[in-house]
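To start, the structure itself, in structure tokens.
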Amino acid sequence: MDNNTELKGNDNPIATNDDGSNLRPDLVISVQPPLLGNIRAQLPVSTVDWRSNNQGQFIPRHGLDFLIGVESLLIQQTVELNELTSKVDSENRYIVRIPKGEALYIASETSTKTQRCLCGSGRAFTMHLHDNTRQEAMVMQRRLAGASCCFPCRLQEMKVITPPGDYIGRVQQQWTWLVPFYLVRDVNDVVIYVIEGPASLYRSNLILSEFKILTGDSLRQVGKISHSWDRELVSFVTNVRFPDAAVQPKHKALLLAASFLMEYAYFERAKNSCWRCNFC
């Protein structure tokens, strides 16, 4: 057989006599298949002895499903060894749990060493929250900004994104004299909550304080964000009480992000007392 002769039929399935006249449009692939990295694995989670879920076991379809039925959360910072031996802040780690109950998320900060050294708790960062299936549930992005009335040109802002990249809202600081004032906006940029703190010239005075969560029109208090000493955990913790257990998980995620923003902007103690801790 001549080597230049093209093989057809069963000997060479690629080479056919089909001129395309029998093409079926309904069988043409026109959509790119999704990336496997963006697909959440449907893993069961044991909820035996859980306070927030008494089903015994459930399969979360989304990382925010862990917030369903939750009335309040507690944010506890873990102790980092290099924090105790170094004067430079490290990337913080937190446990987000039900008060006196189960841990729902593990939060880990990603930031630059330069900003941690020069800006302290005012640094920009990305906070990654992983749930009990060890999958990423949400990402919080805070920009570098000042929190006091001395820097009205660039105030605090925290955005919340869920995998594979869905933006669900943001927490935005408003410029005011002395009284901390924040707006919680949903994906449509509608103000759903207002957060108001106590009046204070120095942020270091807000270590033990309470921030009110108000309705979007600021007429009624529906929850709070507070910072206090927990005797059982033997550490400072940040607590957030949601307006209601039936609030949408996305709105709870935004209030959780607001709690992290208050933690860094007001509650976190600097290792060395300096002017940046009070005014930046």
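Ligands are numbered from 1 in the order shown, chains are lettered A, B, ... in the order of the structure tokens, and residues start at 1 in each chain.
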
Taking the chain letters and numbering used in this document, name the residues of region 23-269 of chain A that DSSP puts in strand (DSSP E or B), as a PyMOL selection string.
chain A and resi 45-46+57-58+72-77+93-97+103-110+125-130+136-142+157-162+166-173+181-186+191-196+210-215+221-230+235-241

File dump, residues just selected, C-alpha atoms, as a PDB file, in the first residue's frame:
```pdb
ATOM      1  CA  VAL A  45     -20.579  17.352  58.069  1.00  0.00           C
ATOM      2  CA  SER A  46     -21.372  15.723  61.392  1.00  0.00           C
ATOM      3  CA  GLN A  57     -25.487  15.531  59.744  1.00  0.00           C
ATOM      4  CA  PHE A  58     -25.945  17.885  56.809  1.00  0.00           C
ATOM      5  CA  SER A  72     -24.602  35.171  67.257  1.00  0.00           C
ATOM      6  CA  LEU A  73     -20.926  34.472  66.598  1.00  0.00           C
ATOM      7  CA  LEU A  74     -17.715  34.783  68.564  1.00  0.00           C
ATOM      8  CA  ILE A  75     -14.370  35.662  66.958  1.00  0.00           C
ATOM      9  CA  GLN A  76     -11.323  34.441  68.868  1.00  0.00           C
ATOM     10  CA  GLN A  77      -7.776  35.214  67.774  1.00  0.00           C
ATOM     11  CA  ARG A  93      -5.510  33.673  62.595  1.00  0.00           C
ATOM     12  CA  TYR A  94      -8.997  33.433  64.065  1.00  0.00           C
ATOM     13  CA  ILE A  95     -11.599  30.872  65.040  1.00  0.00           C
ATOM     14  CA  VAL A  96     -15.208  31.842  64.318  1.00  0.00           C
ATOM     15  CA  ARG A  97     -17.485  29.846  66.590  1.00  0.00           C
ATOM     16  CA  ALA A 103     -16.327  26.261  65.504  1.00  0.00           C
ATOM     17  CA  LEU A 104     -17.815  27.149  62.107  1.00  0.00           C
ATOM     18  CA  TYR A 105     -14.890  28.799  60.314  1.00  0.00           C
ATOM     19  CA  ILE A 106     -11.140  29.175  60.488  1.00  0.00           C
ATOM     20  CA  ALA A 107     -10.022  32.627  59.313  1.00  0.00           C
ATOM     21  CA  SER A 108      -6.496  33.345  58.090  1.00  0.00           C
ATOM     22  CA  GLU A 109      -5.088  36.722  57.088  1.00  0.00           C
ATOM     23  CA  THR A 110      -2.905  37.391  54.060  1.00  0.00           C
ATOM     24  CA  PHE A 125      -5.349  42.395  54.022  1.00  0.00           C
ATOM     25  CA  THR A 126      -7.341  39.539  52.571  1.00  0.00           C
ATOM     26  CA  MET A 127      -9.098  37.291  55.074  1.00  0.00           C
ATOM     27  CA  HIS A 128      -9.816  33.726  53.941  1.00  0.00           C
ATOM     28  CA  LEU A 129     -12.506  31.805  55.819  1.00  0.00           C
ATOM     29  CA  HIS A 130     -12.625  28.007  55.525  1.00  0.00           C
ATOM     30  CA  GLU A 136     -13.117  28.223  51.295  1.00  0.00           C
ATOM     31  CA  ALA A 137     -16.448  29.732  52.318  1.00  0.00           C
ATOM     32  CA  MET A 138     -15.798  33.448  51.780  1.00  0.00           C
ATOM     33  CA  VAL A 139     -13.078  36.033  51.275  1.00  0.00           C
ATOM     34  CA  MET A 140     -12.946  39.455  52.926  1.00  0.00           C
ATOM     35  CA  GLN A 141     -10.819  42.181  51.357  1.00  0.00           C
ATOM     36  CA  ARG A 142      -9.865  45.282  53.318  1.00  0.00           C
ATOM     37  CA  GLU A 157     -13.880  49.585  53.378  1.00  0.00           C
ATOM     38  CA  MET A 158     -14.272  45.805  53.471  1.00  0.00           C
ATOM     39  CA  LYS A 159     -15.610  43.765  50.550  1.00  0.00           C
ATOM     40  CA  VAL A 160     -17.013  40.244  50.844  1.00  0.00           C
ATOM     41  CA  ILE A 161     -16.675  37.687  48.040  1.00  0.00           C
ATOM     42  CA  THR A 162     -17.773  34.059  47.947  1.00  0.00           C
ATOM     43  CA  ASP A 166     -19.424  36.256  43.612  1.00  0.00           C
ATOM     44  CA  TYR A 167     -19.490  39.723  45.167  1.00  0.00           C
ATOM     45  CA  ILE A 168     -22.130  39.930  47.917  1.00  0.00           C
ATOM     46  CA  GLY A 169     -21.570  43.375  49.422  1.00  0.00           C
ATOM     47  CA  ARG A 170     -19.295  45.676  51.405  1.00  0.00           C
ATOM     48  CA  VAL A 171     -18.868  47.555  54.667  1.00  0.00           C
ATOM     49  CA  GLN A 172     -18.099  51.230  54.132  1.00  0.00           C
ATOM     50  CA  GLN A 173     -17.024  53.843  56.668  1.00  0.00           C
ATOM     51  CA  PHE A 181     -20.196  55.288  61.553  1.00  0.00           C
ATOM     52  CA  TYR A 182     -20.359  52.489  58.968  1.00  0.00           C
ATOM     53  CA  LEU A 183     -22.781  51.446  56.239  1.00  0.00           C
ATOM     54  CA  VAL A 184     -23.396  47.805  55.351  1.00  0.00           C
ATOM     55  CA  ARG A 185     -24.346  47.562  51.667  1.00  0.00           C
ATOM     56  CA  ASP A 186     -25.622  44.512  49.792  1.00  0.00           C
ATOM     57  CA  VAL A 191     -27.825  50.102  52.734  1.00  0.00           C
ATOM     58  CA  ILE A 192     -29.237  47.234  54.803  1.00  0.00           C
ATOM     59  CA  TYR A 193     -27.610  48.054  58.151  1.00  0.00           C
ATOM     60  CA  VAL A 194     -25.878  50.952  59.867  1.00  0.00           C
ATOM     61  CA  ILE A 195     -23.164  50.413  62.481  1.00  0.00           C
ATOM     62  CA  GLU A 196     -22.583  53.136  65.046  1.00  0.00           C
ATOM     63  CA  GLU A 210     -20.048  48.100  71.942  1.00  0.00           C
ATOM     64  CA  PHE A 211     -21.019  49.033  68.398  1.00  0.00           C
ATOM     65  CA  LYS A 212     -24.734  49.190  67.639  1.00  0.00           C
ATOM     66  CA  ILE A 213     -26.189  47.498  64.565  1.00  0.00           C
ATOM     67  CA  LEU A 214     -29.092  49.630  63.369  1.00  0.00           C
ATOM     68  CA  THR A 215     -31.636  49.254  60.597  1.00  0.00           C
ATOM     69  CA  GLN A 221     -31.153  48.876  67.026  1.00  0.00           C
ATOM     70  CA  VAL A 222     -31.326  45.259  65.893  1.00  0.00           C
ATOM     71  CA  GLY A 223     -27.963  43.834  66.964  1.00  0.00           C
ATOM     72  CA  LYS A 224     -24.503  44.683  68.241  1.00  0.00           C
ATOM     73  CA  ILE A 225     -20.775  44.079  67.842  1.00  0.00           C
ATOM     74  CA  SER A 226     -18.846  44.047  71.112  1.00  0.00           C
ATOM     75  CA  HIS A 227     -15.365  43.345  72.403  1.00  0.00           C
ATOM     76  CA  SER A 228     -14.873  41.857  75.846  1.00  0.00           C
ATOM     77  CA  TRP A 229     -12.787  39.532  78.004  1.00  0.00           C
ATOM     78  CA  ASP A 230     -13.917  35.922  77.986  1.00  0.00           C
ATOM     79  CA  SER A 235      -8.674  35.997  76.001  1.00  0.00           C
ATOM     80  CA  PHE A 236     -10.323  38.994  74.399  1.00  0.00           C
ATOM     81  CA  VAL A 237     -13.054  38.066  71.933  1.00  0.00           C
ATOM     82  CA  THR A 238     -15.255  39.925  69.477  1.00  0.00           C
ATOM     83  CA  ASN A 239     -18.954  39.082  69.551  1.00  0.00           C
ATOM     84  CA  VAL A 240     -21.564  39.822  66.910  1.00  0.00           C
ATOM     85  CA  ARG A 241     -25.261  39.403  67.622  1.00  0.00           C
TER      86      ARG A 241
END
```

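Proximity of A:Leu233, A:Val179, A:Leu208, A:Leu254 to Glu268 (chain A), computed with only C-alpha atoms, is greatest for A:Leu208.
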
What separation in Å, quoted to one decimal, exists between CA of Pro180 (chain A) and CA of Phe260 (chain A)?
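Pair CA of Pro180 (chain A) / CA of Phe260 (chain A) returns 14.8 Å.
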
CA of Glu232 (chain A) to CA of Ala245 (chain A), straight-line distance in Å:
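Computed distance, CA of Ala245 (chain A) to CA of Glu232 (chain A), equals 24.7 Å.
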
Hey, what's within 12 Å of Thr47 (chain A) if we count only C-alpha atoms and toss same-chain stuff fewer than 2 positions away? As a PyMOL selection string, please?
chain A and resi 44-45+49-60+66+101-104+132

Mind giving me the straight-line distance from CA of Ala199 (chain A) to CA of Ser90 (chain A) in Å, one decimal?
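Between these atoms lies a distance of 29.6 Å.
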